[in-house]
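Visitor: After the structure tokens below, expect a handful of questions from me.
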Amino acid sequence: MNGANILFYLLAAMILGSGLLAVTTRQLFRAAIYLLFSLIGMAGMYFWLQYEFIAAVQVVVYVGGITVLIIFSIFLTQQAGEKMLVKKTGQQIFAAIAAFCGFALVMVQIVQNNFTATKNLSLSPSVTNIGNQMLGVDKGGYALPFEVVSILLLAALIGSIVIALRTPTQTS
Amino acid sequence: MILLEAFSTPVNYFPILIQLVLAIGFVIVMMGATHLLGPKRKTTDKLENFECGIEQEGNARQPLAVKYFLVAILFVLFDVEVIFFYPYAINFRELGWNGFIAVVMFVAFFILGFTYIIKKGALNWED
Amino acid sequence: MILTAITLGFILEKVILVSIILGGSLGIAMYSTWAERKVAAVMQDRRGPNRAGPFGLFQPLADGLKLFMKEEIIPTLSNKFLFILGPSLAMLMACMTSAVIPWGPNIVHADGSVFTLQVADINIGILFIFGVVSLGVYGIMLGSWASNNKYSLLSGLRAAAQAVSYELAMGLSLIALVMMSGSLSMREIVEQQHGFWNNGYFTWNFFKQPLAFVIFIVCSFAELNRAPFDLSECESELVGGYHTEFSSMKLGFYLFAEYINMFITSIILSSLFFGGYNYPGMDWVALHVSPLFVSIIGVLVLLGKAVAFILFFMFIRWTLPRFRYDQLMDLGWKSLIPLALFNMLVTGAIILAFQK
């Protein structure tokens, strides 16, 4: 057990622990906060793996962006401050079965897969390499997907505006 | 021109962990100290929420205007676009005009969406 | 991940450095409150704090002690856990930004070992700061929600929407800077601004990217919730803003976090745009006096620049009136973001055109 392992288990405990709390708490806002800590733990895990840029993206986009969005959508709801009702036993049982099946499926895949180290020279995931690959127009470059991403974001933008601005136009 | 990236090992990140631990320790100590030091004379009136001296009226947690939610959505989308610019900015000298044209196209879509939201009045705050 | 290179001496060195930085930024934050009141007093033709000690210099200590001794009030309708977590997070995030700032040139000992005046030299320094800044909004949002107070909730919403809006322009303005330096490491960016004058032009980034600087400093005002963008705590509409319900050190944490953030932002502004610890004639000092003095003067120069920025923040606060909310949002979205994009593209085109 060296320092790196201890760090790994600490981070894993943080991710799983706060993730578990996020799904079990009965207060919506608190669930969002636990999710926040889970996502921070994941950013820490990326740092641990030395995927610096991915870690930074995780913090800026997921922790600083998506979670703000989730909290704002909680603010939008009617009874944000109230505790959520406990589900019926039947619903709980089926939810547990569904969750277990999903977990089993993933575990079976992981156990069956035999992980081998790549024989190719792996590129270091530094920001320089990511940038070169992302905008490269030569073989192995990702310039086209990069442009497609911008179209996708544009579509998401238009979609969100159409959905979010629909209510006022209907009432007026 | 070769842009060397400083050699970064996990050792470089370890001090951040030290700082985090020290900062958490500081926050906990301060919170604990103020909890112990202050007087504790609680009354029901004192523990009521402040509402300019009158009795509290209803719950504060009312649904908010959808405008704020819209700002959050737009922020997430634009944040993703901004984060894409960083890897480009690092080595745009090597990528030359090819990379620049690719980014100009990217920005063109960005601006297209941007003009759309402004024309739609998504950022108008006066109703 | 290998941690073999970490020795006890290394840890001790970093612990001491971190303690000095945290203690120092707290001290500066405390005296910023004193300076703020003095500046306000001078601008309004008053005397300001002058009872506790000479020139009222002990006033911040008295204030700190007072906050400690006050009763801790948690309203019955609030969420206790989040109510405590809010100010703690605000303070924690304020303490974390300083981790990647280079405080001075490396000190090389006689035996060849190097002492870095920086907690962590990581090569995504700017993104780290960007990330921590984006976390800063949670302290306010949690506190305002947990209070279960109408004024707090409105103020928290305003603060959050304002912070995320200006984060975009801030990130975009930095891209032009990153294009020039080709690095995300704070140390690297500061080193590139070595000295003051080189090859017939200024080395400091301010002279190369004045527009980026203007955008960045406007966004810093907004991120810091300072006047003229202090809509989240405007007394005339929202009582005390998001900290209406907070008392004792929890209130203190919010206030101190704000002043620590102001200090760190000033340091970042000086590091990114005004050369950080670089100053004119540093090569001469290194040659004629001693390399150690370069570092010592460098740290002092950096602090001096930061103090100048802090005073600038204060002058602005007591000079300009507050923005209206729609004006604030319009400025962020409709002016600063297009301007930053324009700046980025023009910078790229010019550099590529002149590059051989």
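Scheme for the structure tokens: letters A, B, ... for chains in order shown; per-chain residue numbers from 1; ligand numbers from 1 in order shown.
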Once you count only C-alpha atoms, which residues of chain B turn out to be within 6 Å of chain A? Could you give them as a ChimeraX atom specification?
Guide: /B:63-64,69,72,76,87-88,99,106,113
Visitor: So that I have them on file, write out the residues from the current selection with N, CA and C atoms, as a PDB file, in the first residue's frame.
Guide:
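selection13.pdb, freshly written:
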```pdb
ATOM      1  N   PRO B  63     -40.857  29.016  -6.898  1.00  0.00           N
ATOM      2  CA  PRO B  63     -40.214  28.826  -8.205  1.00  0.00           C
ATOM      3  C   PRO B  63     -39.723  30.159  -8.759  1.00  0.00           C
ATOM      4  N   LEU B  64     -38.560  30.116  -9.393  1.00  0.00           N
ATOM      5  CA  LEU B  64     -37.986  31.371  -9.856  1.00  0.00           C
ATOM      6  C   LEU B  64     -38.347  31.609 -11.319  1.00  0.00           C
ATOM      7  N   PHE B  69     -32.870  30.246 -15.418  1.00  0.00           N
ATOM      8  CA  PHE B  69     -32.602  28.905 -15.900  1.00  0.00           C
ATOM      9  C   PHE B  69     -32.006  28.951 -17.302  1.00  0.00           C
ATOM     10  N   ALA B  72     -28.441  29.758 -17.248  1.00  0.00           N
ATOM     11  CA  ALA B  72     -27.624  28.605 -16.873  1.00  0.00           C
ATOM     12  C   ALA B  72     -27.420  27.670 -18.059  1.00  0.00           C
ATOM     13  N   VAL B  76     -23.789  26.749 -19.865  1.00  0.00           N
ATOM     14  CA  VAL B  76     -23.193  25.420 -20.038  1.00  0.00           C
ATOM     15  C   VAL B  76     -22.771  25.219 -21.487  1.00  0.00           C
ATOM     16  N   PRO B  87      -7.233  24.072 -25.934  1.00  0.00           N
ATOM     17  CA  PRO B  87      -6.211  23.253 -26.592  1.00  0.00           C
ATOM     18  C   PRO B  87      -5.760  23.871 -27.918  1.00  0.00           C
ATOM     19  N   TYR B  88      -6.684  24.575 -28.568  1.00  0.00           N
ATOM     20  CA  TYR B  88      -6.282  25.233 -29.824  1.00  0.00           C
ATOM     21  C   TYR B  88      -5.307  26.361 -29.539  1.00  0.00           C
ATOM     22  N   GLY B  99      -5.579  25.360 -39.064  1.00  0.00           N
ATOM     23  CA  GLY B  99      -6.252  25.332 -37.771  1.00  0.00           C
ATOM     24  C   GLY B  99      -7.082  26.582 -37.571  1.00  0.00           C
ATOM     25  N   PHE B 106     -15.721  27.176 -36.512  1.00  0.00           N
ATOM     26  CA  PHE B 106     -16.304  26.869 -35.205  1.00  0.00           C
ATOM     27  C   PHE B 106     -16.927  28.126 -34.601  1.00  0.00           C
ATOM     28  N   GLY B 113     -25.350  30.933 -33.387  1.00  0.00           N
ATOM     29  CA  GLY B 113     -26.199  30.635 -32.241  1.00  0.00           C
ATOM     30  C   GLY B 113     -26.391  31.851 -31.366  1.00  0.00           C
TER      31      GLY B 113
END
```
Visitor: So that I can check the surroundings of segment 229-242 of chain C, please list as a PyMOL selection string every protein, DNA and RNA residue that reaches within 7 Å of it, counting only C-alpha atoms and ignoring chain neighbours fewer than 3 positions away.
Guide: chain C and resi 140+143-144+151-153+155-156+158-159+221-222+225-226+322-323
Visitor: Please measure the separation of atom CA of Trp204 of chain C and atom CA of Met314 of chain C, giving the value in Å to one decimal.
Guide: 24.1 Å
Visitor: So which bits of segment 66-129 of chain C end up helix (DSSP H, G or I) when you DSSP the backbone, as a VMD selection string?
Guide: chain C and resid 66 to 69 80 to 100 125 to 129
Visitor: Can you write out the residues you just picked, keeping N, CA and C atoms, as a PDB file, in the first residue's frame?
Guide:
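Result written to result_29.pdb:
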```
ATOM      1  N   LYS C  66     -14.500  40.328  17.507  1.00  0.00           N
ATOM      2  CA  LYS C  66     -15.927  40.530  17.719  1.00  0.00           C
ATOM      3  C   LYS C  66     -16.731  39.440  16.997  1.00  0.00           C
ATOM      4  N   LEU C  67     -16.341  39.147  15.734  1.00  0.00           N
ATOM      5  CA  LEU C  67     -17.063  38.125  14.970  1.00  0.00           C
ATOM      6  C   LEU C  67     -16.970  36.771  15.656  1.00  0.00           C
ATOM      7  N   PHE C  68     -15.808  36.498  16.261  1.00  0.00           N
ATOM      8  CA  PHE C  68     -15.639  35.237  16.975  1.00  0.00           C
ATOM      9  C   PHE C  68     -16.590  35.131  18.155  1.00  0.00           C
ATOM     10  N   MET C  69     -16.748  36.230  18.880  1.00  0.00           N
ATOM     11  CA  MET C  69     -17.470  36.179  20.145  1.00  0.00           C
ATOM     12  C   MET C  69     -18.980  36.329  19.977  1.00  0.00           C
ATOM     13  N   LYS C  80     -29.623  23.103   8.373  1.00  0.00           N
ATOM     14  CA  LYS C  80     -28.435  23.333   9.185  1.00  0.00           C
ATOM     15  C   LYS C  80     -27.152  22.928   8.443  1.00  0.00           C
ATOM     16  N   PHE C  81     -27.173  21.751   7.845  1.00  0.00           N
ATOM     17  CA  PHE C  81     -25.971  21.230   7.180  1.00  0.00           C
ATOM     18  C   PHE C  81     -25.500  22.172   6.074  1.00  0.00           C
ATOM     19  N   LEU C  82     -26.440  22.570   5.199  1.00  0.00           N
ATOM     20  CA  LEU C  82     -26.064  23.448   4.089  1.00  0.00           C
ATOM     21  C   LEU C  82     -25.719  24.838   4.596  1.00  0.00           C
ATOM     22  N   PHE C  83     -26.346  25.233   5.695  1.00  0.00           N
ATOM     23  CA  PHE C  83     -26.107  26.559   6.261  1.00  0.00           C
ATOM     24  C   PHE C  83     -24.657  26.692   6.725  1.00  0.00           C
ATOM     25  N   ILE C  84     -24.102  25.587   7.239  1.00  0.00           N
ATOM     26  CA  ILE C  84     -22.701  25.619   7.669  1.00  0.00           C
ATOM     27  C   ILE C  84     -21.787  25.398   6.469  1.00  0.00           C
ATOM     28  N   LEU C  85     -22.222  24.550   5.537  1.00  0.00           N
ATOM     29  CA  LEU C  85     -21.377  24.218   4.383  1.00  0.00           C
ATOM     30  C   LEU C  85     -21.156  25.436   3.478  1.00  0.00           C
ATOM     31  N   GLY C  86     -22.176  26.283   3.340  1.00  0.00           N
ATOM     32  CA  GLY C  86     -22.086  27.424   2.427  1.00  0.00           C
ATOM     33  C   GLY C  86     -20.881  28.314   2.690  1.00  0.00           C
ATOM     34  N   PRO C  87     -20.813  28.957   3.875  1.00  0.00           N
ATOM     35  CA  PRO C  87     -19.659  29.815   4.148  1.00  0.00           C
ATOM     36  C   PRO C  87     -18.350  29.043   4.158  1.00  0.00           C
ATOM     37  N   SER C  88     -18.378  27.776   4.594  1.00  0.00           N
ATOM     38  CA  SER C  88     -17.134  26.997   4.604  1.00  0.00           C
ATOM     39  C   SER C  88     -16.607  26.828   3.190  1.00  0.00           C
ATOM     40  N   LEU C  89     -17.507  26.516   2.249  1.00  0.00           N
ATOM     41  CA  LEU C  89     -17.079  26.347   0.857  1.00  0.00           C
ATOM     42  C   LEU C  89     -16.542  27.653   0.292  1.00  0.00           C
ATOM     43  N   ALA C  90     -17.235  28.762   0.615  1.00  0.00           N
ATOM     44  CA  ALA C  90     -16.783  30.062   0.105  1.00  0.00           C
ATOM     45  C   ALA C  90     -15.348  30.321   0.557  1.00  0.00           C
ATOM     46  N   MET C  91     -15.086  30.048   1.838  1.00  0.00           N
ATOM     47  CA  MET C  91     -13.743  30.286   2.375  1.00  0.00           C
ATOM     48  C   MET C  91     -12.736  29.326   1.757  1.00  0.00           C
ATOM     49  N   LEU C  92     -13.129  28.060   1.636  1.00  0.00           N
ATOM     50  CA  LEU C  92     -12.224  27.038   1.114  1.00  0.00           C
ATOM     51  C   LEU C  92     -11.784  27.391  -0.305  1.00  0.00           C
ATOM     52  N   MET C  93     -12.736  27.792  -1.136  1.00  0.00           N
ATOM     53  CA  MET C  93     -12.401  28.116  -2.516  1.00  0.00           C
ATOM     54  C   MET C  93     -11.510  29.357  -2.575  1.00  0.00           C
ATOM     55  N   ALA C  94     -11.767  30.312  -1.673  1.00  0.00           N
ATOM     56  CA  ALA C  94     -10.920  31.497  -1.648  1.00  0.00           C
ATOM     57  C   ALA C  94      -9.490  31.113  -1.302  1.00  0.00           C
ATOM     58  N   CYS C  95      -9.330  30.088  -0.463  1.00  0.00           N
ATOM     59  CA  CYS C  95      -7.984  29.681  -0.046  1.00  0.00           C
ATOM     60  C   CYS C  95      -7.279  28.830  -1.096  1.00  0.00           C
ATOM     61  N   MET C  96      -8.022  28.269  -2.059  1.00  0.00           N
ATOM     62  CA  MET C  96      -7.398  27.325  -2.977  1.00  0.00           C
ATOM     63  C   MET C  96      -6.765  27.982  -4.204  1.00  0.00           C
ATOM     64  N   THR C  97      -7.254  29.153  -4.598  1.00  0.00           N
ATOM     65  CA  THR C  97      -6.765  29.751  -5.845  1.00  0.00           C
ATOM     66  C   THR C  97      -5.273  30.047  -5.799  1.00  0.00           C
ATOM     67  N   SER C  98      -4.773  30.360  -4.607  1.00  0.00           N
ATOM     68  CA  SER C  98      -3.379  30.806  -4.511  1.00  0.00           C
ATOM     69  C   SER C  98      -2.392  29.676  -4.776  1.00  0.00           C
ATOM     70  N   ALA C  99      -2.877  28.435  -4.957  1.00  0.00           N
ATOM     71  CA  ALA C  99      -1.959  27.296  -5.073  1.00  0.00           C
ATOM     72  C   ALA C  99      -1.069  27.359  -6.309  1.00  0.00           C
ATOM     73  N   VAL C 100      -1.529  27.964  -7.389  1.00  0.00           N
ATOM     74  CA  VAL C 100      -0.747  27.899  -8.626  1.00  0.00           C
ATOM     75  C   VAL C 100      -0.055  29.218  -8.962  1.00  0.00           C
ATOM     76  N   GLY C 125      -2.158  25.656 -15.118  1.00  0.00           N
ATOM     77  CA  GLY C 125      -2.426  26.633 -14.058  1.00  0.00           C
ATOM     78  C   GLY C 125      -3.647  27.497 -14.300  1.00  0.00           C
ATOM     79  N   ILE C 126      -3.779  28.018 -15.539  1.00  0.00           N
ATOM     80  CA  ILE C 126      -4.889  28.927 -15.833  1.00  0.00           C
ATOM     81  C   ILE C 126      -6.212  28.192 -15.728  1.00  0.00           C
ATOM     82  N   LEU C 127      -6.236  26.944 -16.220  1.00  0.00           N
ATOM     83  CA  LEU C 127      -7.481  26.176 -16.142  1.00  0.00           C
ATOM     84  C   LEU C 127      -7.821  25.851 -14.693  1.00  0.00           C
ATOM     85  N   PHE C 128      -6.798  25.645 -13.879  1.00  0.00           N
ATOM     86  CA  PHE C 128      -7.031  25.395 -12.455  1.00  0.00           C
ATOM     87  C   PHE C 128      -7.741  26.594 -11.825  1.00  0.00           C
ATOM     88  N   ILE C 129      -7.212  27.794 -12.111  1.00  0.00           N
ATOM     89  CA  ILE C 129      -7.826  29.004 -11.558  1.00  0.00           C
ATOM     90  C   ILE C 129      -9.259  29.135 -12.055  1.00  0.00           C
TER      91      ILE C 129
END
```
Visitor: Which residue is closest to chain C? Choose from B:Val21, B:Ile83, B:Ile90, B:Ile54 and count only C-alpha atoms.
Guide: B:Ile90
Visitor: Once you count only C-alpha atoms, which residues of chain C turn out to be within 6 Å of chain A? Could you give them as JSON, numbers by chain?
Guide: {"C": [131, 134, 135]}
Visitor: What's around Ile189 of chain C at 10 Å? Count only C-alpha atoms, leave out sequence neighbours fewer than 3 positions away in its own chain, and write the answer as a ChimeraX atom specification.
Guide: /C:102,125-126,177-178,180-186,192-194,204-205,271-273,275-276
Visitor: Quick one: residues within 12 Å of Trp103 of chain C, only C-alpha atoms counted, chain neighbours fewer than 2 positions away excluded, as a PyMOL selection string?
Guide: chain C and resi 17-18+20-21+98-101+105-107+115-121+186-187+190-191+264+267-268+270-271+275-278+295-306
Visitor: Would you save the residues from that selection as a short mmCIF file (atom, residue, chain, number, x, y, z; two decimals), in the first residue's frame, using N, CA and C atoms?
Guide:
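The result, stored in part.cif:
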```cif
data_model
loop_
_atom_site.label_atom_id
_atom_site.label_comp_id
_atom_site.auth_asym_id
_atom_site.auth_seq_id
_atom_site.Cartn_x
_atom_site.Cartn_y
_atom_site.Cartn_z
N LEU C 17 5.42 26.83 3.24
CA LEU C 17 5.07 27.79 2.19
C LEU C 17 3.57 28.05 2.15
N VAL C 18 2.78 26.95 2.21
CA VAL C 18 1.32 27.09 2.17
C VAL C 18 0.83 27.88 3.37
N ILE C 20 2.44 30.12 5.10
CA ILE C 20 2.77 31.54 4.95
C ILE C 20 1.79 32.19 3.98
N ILE C 21 1.51 31.50 2.86
CA ILE C 21 0.63 32.11 1.86
C ILE C 21 -0.78 32.28 2.41
N SER C 98 -4.77 30.36 -4.61
CA SER C 98 -3.38 30.81 -4.51
C SER C 98 -2.39 29.68 -4.78
N ALA C 99 -2.88 28.43 -4.96
CA ALA C 99 -1.96 27.30 -5.07
C ALA C 99 -1.07 27.36 -6.31
N VAL C 100 -1.53 27.96 -7.39
CA VAL C 100 -0.75 27.90 -8.63
C VAL C 100 -0.05 29.22 -8.96
N ILE C 101 -0.09 30.16 -8.03
CA ILE C 101 0.49 31.47 -8.34
C ILE C 101 1.99 31.47 -8.05
N PRO C 105 10.73 34.69 -8.37
CA PRO C 105 11.65 33.84 -9.13
C PRO C 105 12.21 32.75 -8.22
N ASN C 106 12.58 31.63 -8.82
CA ASN C 106 13.15 30.53 -8.03
C ASN C 106 14.42 30.97 -7.33
N ILE C 107 14.59 30.51 -6.09
CA ILE C 107 15.81 30.80 -5.36
C ILE C 107 16.72 29.58 -5.48
N PHE C 115 14.68 26.40 -4.57
CA PHE C 115 13.51 26.64 -3.73
C PHE C 115 12.51 27.44 -4.55
N THR C 116 11.36 26.82 -4.86
CA THR C 116 10.39 27.52 -5.69
C THR C 116 9.40 28.27 -4.81
N LEU C 117 9.18 29.52 -5.16
CA LEU C 117 8.21 30.33 -4.44
C LEU C 117 6.84 30.14 -5.07
N GLN C 118 6.41 28.90 -5.15
CA GLN C 118 5.13 28.58 -5.75
C GLN C 118 4.70 27.26 -5.16
N VAL C 119 3.45 27.16 -4.78
CA VAL C 119 3.02 25.93 -4.12
C VAL C 119 3.06 24.77 -5.12
N ALA C 120 2.43 24.95 -6.27
CA ALA C 120 2.41 23.88 -7.26
C ALA C 120 2.56 24.47 -8.65
N ASP C 121 3.61 24.07 -9.35
CA ASP C 121 3.80 24.54 -10.71
C ASP C 121 3.20 23.51 -11.65
N MET C 186 1.17 29.12 -15.19
CA MET C 186 1.33 30.48 -14.69
C MET C 186 2.79 30.89 -14.68
N ARG C 187 3.66 29.96 -14.22
CA ARG C 187 5.09 30.26 -14.15
C ARG C 187 5.63 30.62 -15.53
N VAL C 190 4.45 34.07 -16.68
CA VAL C 190 5.14 35.15 -15.99
C VAL C 190 6.58 35.25 -16.47
N GLU C 191 7.25 34.10 -16.67
CA GLU C 191 8.64 34.12 -17.13
C GLU C 191 8.77 34.79 -18.49
N ILE C 264 -6.33 37.84 -4.21
CA ILE C 264 -5.82 36.85 -5.16
C ILE C 264 -6.09 37.30 -6.60
N ILE C 267 -3.50 39.66 -7.53
CA ILE C 267 -2.25 38.95 -7.83
C ILE C 267 -2.33 38.34 -9.23
N ILE C 268 -3.47 37.74 -9.56
CA ILE C 268 -3.61 37.10 -10.88
C ILE C 268 -3.53 38.15 -11.98
N SER C 270 -1.97 41.00 -11.86
CA SER C 270 -0.59 41.46 -12.04
C SER C 270 0.26 40.37 -12.67
N SER C 271 -0.03 39.09 -12.36
CA SER C 271 0.79 38.02 -12.93
C SER C 271 0.53 37.86 -14.42
N GLY C 275 3.24 41.47 -15.62
CA GLY C 275 4.57 40.94 -15.41
C GLY C 275 4.80 40.22 -14.10
N GLY C 276 3.82 40.09 -13.25
CA GLY C 276 4.00 39.35 -12.01
C GLY C 276 5.16 39.89 -11.20
N TYR C 277 6.12 39.00 -10.91
CA TYR C 277 7.26 39.43 -10.10
C TYR C 277 8.37 40.08 -10.92
N ASN C 278 8.14 40.31 -12.21
CA ASN C 278 9.17 40.95 -13.04
C ASN C 278 9.13 42.45 -12.87
N SER C 295 14.88 37.72 -6.15
CA SER C 295 13.67 37.04 -5.67
C SER C 295 12.96 37.87 -4.62
N ILE C 296 13.75 38.40 -3.67
CA ILE C 296 13.12 39.16 -2.58
C ILE C 296 12.41 40.39 -3.14
N ILE C 297 13.12 41.14 -4.01
CA ILE C 297 12.48 42.32 -4.59
C ILE C 297 11.30 41.89 -5.45
N GLY C 298 11.45 40.74 -6.15
CA GLY C 298 10.37 40.25 -6.99
C GLY C 298 9.08 40.04 -6.22
N VAL C 299 9.20 39.39 -5.05
CA VAL C 299 8.01 39.15 -4.24
C VAL C 299 7.39 40.48 -3.82
N LEU C 300 8.27 41.41 -3.39
CA LEU C 300 7.75 42.71 -2.94
C LEU C 300 7.09 43.45 -4.09
N VAL C 301 7.69 43.35 -5.29
CA VAL C 301 7.11 44.02 -6.45
C VAL C 301 5.73 43.46 -6.76
N LEU C 302 5.63 42.12 -6.69
CA LEU C 302 4.33 41.49 -6.96
C LEU C 302 3.29 41.97 -5.96
N LEU C 303 3.68 42.01 -4.66
CA LEU C 303 2.74 42.46 -3.64
C LEU C 303 2.37 43.92 -3.87
N GLY C 304 3.38 44.71 -4.29
CA GLY C 304 3.11 46.12 -4.56
C GLY C 304 2.09 46.29 -5.66
N LYS C 305 2.27 45.51 -6.74
CA LYS C 305 1.31 45.59 -7.85
C LYS C 305 -0.08 45.19 -7.36
N ALA C 306 -0.12 44.13 -6.52
CA ALA C 306 -1.41 43.66 -6.02
C ALA C 306 -2.08 44.75 -5.19
#
```
Visitor: Should the cut-off be 7 Å, what would the residue list for chain B against chain C look like, counting only C-alpha atoms, as a ChimeraX atom specification?
Guide: /B:3,6,8,10-13,15-16,18-20,23-24,27,31,34-35,37-40,47-50,60-61,68,71-72,75,79,82,86,89-93,96,125
Visitor: What does the distance from atom CA of Leu211 of chain C to atom CA of Ser32 of chain C come to in Å, to one decimal?
Guide: 27.9 Å
Visitor: For Ile54 of chain A, which residue out of A:Ile15, A:Tyr142, A:Pro125, A:Ala32 is the nearest one, using only C-alpha atoms?
Guide: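 Closest to Ile54 of chain A of all the choices is A:Pro125.
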Visitor: Could you tell me which of C:Asn50, C:Tyr201, C:Phe246, C:Ala308 comes closest to Ser266 of chain C if we count only C-alpha atoms?
Guide: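 The answer is C:Ala308, which sits nearest to Ser266 of chain C.
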Visitor: Just want the 8 Å neighbourhood of Gly195 of chain C, counted on only C-alpha atoms, with same-chain residues fewer than 5 positions away dropped. Output as a ChimeraX atom specification.
Guide: /C:203,275,278-283
Visitor: DSSP on the backbone, strand (DSSP E or B) only: what residues of segment 80-178 of chain C does that give? Format it as a PDB file with N, CA and C atoms, in the first residue's frame.
Guide:
```
ATOM      1  N   ILE C 107      14.590  30.509  -6.094  1.00  0.00           N
ATOM      2  CA  ILE C 107      15.814  30.798  -5.364  1.00  0.00           C
ATOM      3  C   ILE C 107      16.719  29.581  -5.483  1.00  0.00           C
ATOM      4  N   VAL C 108      17.909  29.780  -6.061  1.00  0.00           N
ATOM      5  CA  VAL C 108      18.846  28.676  -6.207  1.00  0.00           C
ATOM      6  C   VAL C 108      19.853  28.769  -5.071  1.00  0.00           C
ATOM      7  N   VAL C 114      16.961  23.968  -5.597  1.00  0.00           N
ATOM      8  CA  VAL C 114      16.113  25.093  -5.985  1.00  0.00           C
ATOM      9  C   VAL C 114      14.943  25.197  -5.015  1.00  0.00           C
ATOM     10  N   PHE C 115      14.680  26.399  -4.568  1.00  0.00           N
ATOM     11  CA  PHE C 115      13.506  26.637  -3.732  1.00  0.00           C
ATOM     12  C   PHE C 115      12.506  27.444  -4.548  1.00  0.00           C
TER      13      PHE C 115
END
```
Visitor: Find the residues near Arg26 of chain A: any atom within 10 Å, counting only C-alpha atoms, skip ones fewer than 2 places away on the same chain, and give them as number ranges by chain.
Guide: A: 21-24, 28-31, 82-86
Visitor: Provide the atom CA of Pro60 of chain C to atom CA of Gly27 of chain C distance in Å, to one decimal place.
Guide: 9.4 Å
Visitor: Counting only C-alpha atoms, which of C:Leu336, C:Ile310, C:Leu292, C:Ile28 gets nearest to His109 of chain C?
Guide: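 Smallest separation from His109 of chain C among the options: C:Leu292.
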Visitor: Counting only C-alpha atoms, which of C:Val346, C:Leu255, C:Ala212, C:Ala286 gets nearest to Ser173 of chain C?
Guide: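 With only C-alpha atoms as the atom set, the closest residue is C:Ala212.
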